[in-house]
Every structure is written in C-alpha cells, then in structure tokens.
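What follows is a set of notes on a single structure, which appears directly below.
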Amino acid sequence: MAIREIITVPDPLLKTVSKEVDNIDDEILNILDDMLETMYAAPGIGLAAIQIGIPKRMLVIDISRDEENKDPHIFINPEILDPAENLSTFEEGCLSVPGVWEEIERPDECNVRFLDVNGSENNVRYSGMMATVIQHEMDHLNGIVFVDYLSRLKKDRAIKKSIKSRTQDPGEK
Ligand code: NI
C-alpha cells in the first residue's frame with residue numbers, strides 16, 4: 001500500500017469523466033488499497049480514484065472517523081438510483097479543494113448500485129451523511145467538484161481561497 005498524491009483544484013484532470021472498471025484484477029485492488037490509505041492519511045471521509053489521477057469509476061468512503069473501528073466502504077462502477085425528492089444540506093469539504101467548506105443541498109436518500117471487490121452486484125439505500133458523501137464522490141467520477149454548484153463568483157473565490165490555503169506558510173494564519 002502507498003499514499004498517493006491527491007490532485008487539487010484547478011487541476012483540469014478533476015474534470016475528467018472516469019471510465020468503468022471492466023475487470024477487478026490485482027491492479028484495481030492495489031489502487032483501491034492505495035485509495036483507502038491515502039484517504040485515511042489525509043485525513044478524509046471519501047475519495048474518488050480521479051483524485052489520485054486515475055480515471056476509473058471507483059470510490060472509497062469511511063464516515064466513521066474512528067481509528068479503532070474503521071468502516072471502509074468500496075464502490076466500483078457505482079450508479080445512483082431513485083434519489084429522494086427531499087433535500088438536505090450539509091457543509092461539504094473536499095480533499096481536492098482543501099481549506100474550503102460550503103453548504104450544498106442534495107437528495108437526502110438514494111440507492112446505489114455498485115460492484116464490491118468480489119465483483120458482486122449490490123443495491124443499497126443510503127440516507128443522511130452517507131447519502132451526501134456518496135453523491136459528492138459520484139460527482140467526481142463525472143468531472144464535477146462540489147464548488148461547481150456555487151455561483152460563478154463564489155466558486156472563483158473558493159478556488160482562490162483553496163490555492164491560498166495551500167501556499168500559505170503554515171506558521172502564519
Ligand atoms: Ni471531493
């Protein structure tokens with residue numbers, strides 16, 4: 001396993017539409033291991049393969065924030081089905097937009113059809129924060145970052161703020 005570099009805005013790679021995984025082989029399993037390690041090290045609660053520069057439809061998520069009892073979820077070729085009409089708002093952040101948090105509204109429940117690491121098809125309904133995180137990560141597979149939902153002005157400001165937060169001397173705040 002290895003920690004990979006996470007690409008950040010405005011890297012144009014983040015706009016890539018990722019391709020389906022056709023064969024869950026050792027290379028894919030190694031990438032998934034690296035994605036989990038990279039997400040935990042960041043630390044973050046979700047990561048799409050494109051965020052480490054790999055344009056494949058794969059996500060890892062763990063919203064437990066619990067070092068002792070990790071709860072990793074892996075989604076290969078995920079699809080969102082039956083999103084609820086009810087919306088909920090969460091303050092979202094993204095490892096590819098460090099230093100920025102914005103409230104985003106999304107359906108508060110949805111089904112996700114996906115393959116697990118054994119290649120079995122699953123269809124699970126998620127709600128609350130898990131539903132939000134899955135939809136946020138799914139967007140990455142379609143080249144969308146959460147700040148794309150903001151007005152042009154707010155988005156430009158968010159990206160500038162993120163770039164500044166990375167270039168700032170850690171000693172000055
Ligand atoms: Ni993200």
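In the structure tokens, each chain is lettered A, B, ... as it comes, each chain's residues begin at 1, and ligands are numbered from 1 in order of appearance.
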
- Compute the set of protein, DNA and RNA residues whose minimum atom distance to ligand 1 is at most 9 Å, using only C-alpha atoms and all ligand atoms, and state it as a list in words.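 The residues near ligand 1 are Gly46, Leu47, Ala48, Gln51, Glu92, Gly93, Cys94, Leu95, Ser96, Val97, Val133, His136, Glu137, Asp139, His140, Ile144, Val145 and Phe146 of chain A.
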
- Message: Using DSSP assignments from the backbone, pull out every residue in stretch 19-149 of chain A that falls under alpha helix (DSSP H) and give it to me as a PyMOL selection string.
- Response: chain A and resi 26-41+128-141

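Around A:Arg125, within 9 Å and counting only C-alpha atoms, the residues found are Leu81, Glu109, Cys110, Asn111, Val112, Arg113, Asn123, Ser127 and Ala131 of chain A, once anything fewer than 2 positions away on its own chain is removed.
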
- Message: So that I can check the secondary structure, give me every residue of chain A assigned strand (DSSP E) by backbone DSSP, as a PyMOL selection string.
- Response: chain A and resi 46-48+58-61+73-81+87-92+102-107+109-115+121-127

- Task: Point out the residue among A:Val21, A:Val9, A:Met130, A:Leu115 with the least atom-to-atom distance to A:Lys161, counting only C-alpha atoms.
- Result: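 Nearest to A:Lys161: A:Val9.
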
- Query: From the list A:Thr167, A:Gly128, A:Trp101, A:Asp71, which residue is nearest A:Asn86 when using only C-alpha atoms?
  - Reply: A:Gly128

- Item | Residues within 9 Å of A:Phe90, only C-alpha atoms, excluding chain neighbours under 4 positions, as a list in words |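 The residues that qualify are Glu102, Glu103, Ile104, Glu105, Arg106, Met129 and Thr132 of chain A.
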
Output as CSV one row per residue of stretch 76-137 of chain A within 12 Å of stretch 29-38 of chain A: the closest atom pair and its distance in Å to one decimal place, counting only C-alpha atoms, sorted by chain and residue number ascending.
residue,atom,partner,partner_atom,distance
A:Ile76,CA,A:Leu32,CA,9.6
A:Leu95,CA,A:Thr38,CA,10.3
A:Asp116,CA,A:Leu29,CA,10.7
A:Val117,CA,A:Leu29,CA,7.4
A:Asn118,CA,A:Leu29,CA,10.0
A:Gly119,CA,A:Leu29,CA,11.3

Could you dump the residues just selected with all heavy atoms as a short mmCIF file (atom, residue, chain, number, x, y, z; two decimals), in the first residue's frame?
data_model
loop_
_atom_site.label_atom_id
_atom_site.label_comp_id
_atom_site.auth_asym_id
_atom_site.auth_seq_id
_atom_site.Cartn_x
_atom_site.Cartn_y
_atom_site.Cartn_z
N ILE A 76 -17.45 0.11 -6.74
CA ILE A 76 -16.90 0.02 -8.09
C ILE A 76 -18.05 0.18 -9.08
O ILE A 76 -19.11 -0.44 -8.90
CB ILE A 76 -16.17 -1.33 -8.28
CG1 ILE A 76 -15.03 -1.46 -7.25
CG2 ILE A 76 -15.63 -1.47 -9.72
CD1 ILE A 76 -14.42 -2.85 -7.16
N LEU A 95 -11.03 16.84 -0.37
CA LEU A 95 -9.57 16.77 -0.31
C LEU A 95 -8.93 17.44 -1.52
O LEU A 95 -7.76 17.83 -1.47
CB LEU A 95 -9.12 15.30 -0.22
CG LEU A 95 -9.52 14.58 1.08
CD1 LEU A 95 -9.13 13.11 1.00
CD2 LEU A 95 -8.87 15.24 2.29
N ASP A 116 -18.90 -4.83 -5.59
CA ASP A 116 -17.93 -4.85 -4.49
C ASP A 116 -16.62 -5.46 -5.01
O ASP A 116 -16.51 -5.78 -6.20
CB ASP A 116 -18.51 -5.60 -3.28
CG ASP A 116 -18.88 -7.04 -3.58
OD1 ASP A 116 -18.27 -7.64 -4.49
OD2 ASP A 116 -19.79 -7.57 -2.91
N VAL A 117 -15.65 -5.63 -4.12
CA VAL A 117 -14.32 -6.09 -4.57
C VAL A 117 -14.36 -7.51 -5.13
O VAL A 117 -13.45 -7.93 -5.85
CB VAL A 117 -13.25 -5.99 -3.46
CG1 VAL A 117 -12.90 -4.54 -3.19
CG2 VAL A 117 -13.66 -6.71 -2.20
N ASN A 118 -15.42 -8.26 -4.80
CA ASN A 118 -15.56 -9.62 -5.35
C ASN A 118 -16.28 -9.64 -6.69
O ASN A 118 -16.51 -10.71 -7.25
CB ASN A 118 -16.31 -10.52 -4.37
CG ASN A 118 -15.62 -10.56 -3.03
OD1 ASN A 118 -14.42 -10.78 -2.96
ND2 ASN A 118 -16.37 -10.32 -1.96
N GLY A 119 -16.69 -8.46 -7.15
CA GLY A 119 -17.40 -8.38 -8.42
C GLY A 119 -18.89 -8.65 -8.29
O GLY A 119 -19.60 -8.74 -9.28
#

- Task: For atom CA of A:Ile6 and atom CA of A:Leu87, determine how far apart the two atoms are, in Å to one decimal place.
- Result: 29.6 Å

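Closest approach to A:Ile54 among A:Ser18, A:Gln168, A:Ser120, A:Ser151: A:Ser18, based on only C-alpha atoms.
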
- Task: For atom CA of A:Asn77 and atom CA of A:Arg65, quote the distance in Å rounded to one decimal.
- Result: 24.6 Å

- One decimal, Å: what's the distance from atom CA of A:Met1 over to atom CA of A:Asn23, could you say?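 A separation of 20.0 Å between them.
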
- Message: Nearest residue to A:Val147 out of A:Ser162, A:Asn122, A:Ser64, A:Ser88, using only C-alpha atoms?
- Response: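 Answer, going by the shortest atom-to-atom distance: A:Ser162.
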
- Nearest to A:Leu13, restricted to only C-alpha atoms and choosing among A:Pro43, A:Pro83, A:Pro78, A:Gly143, comes out as A:Gly143
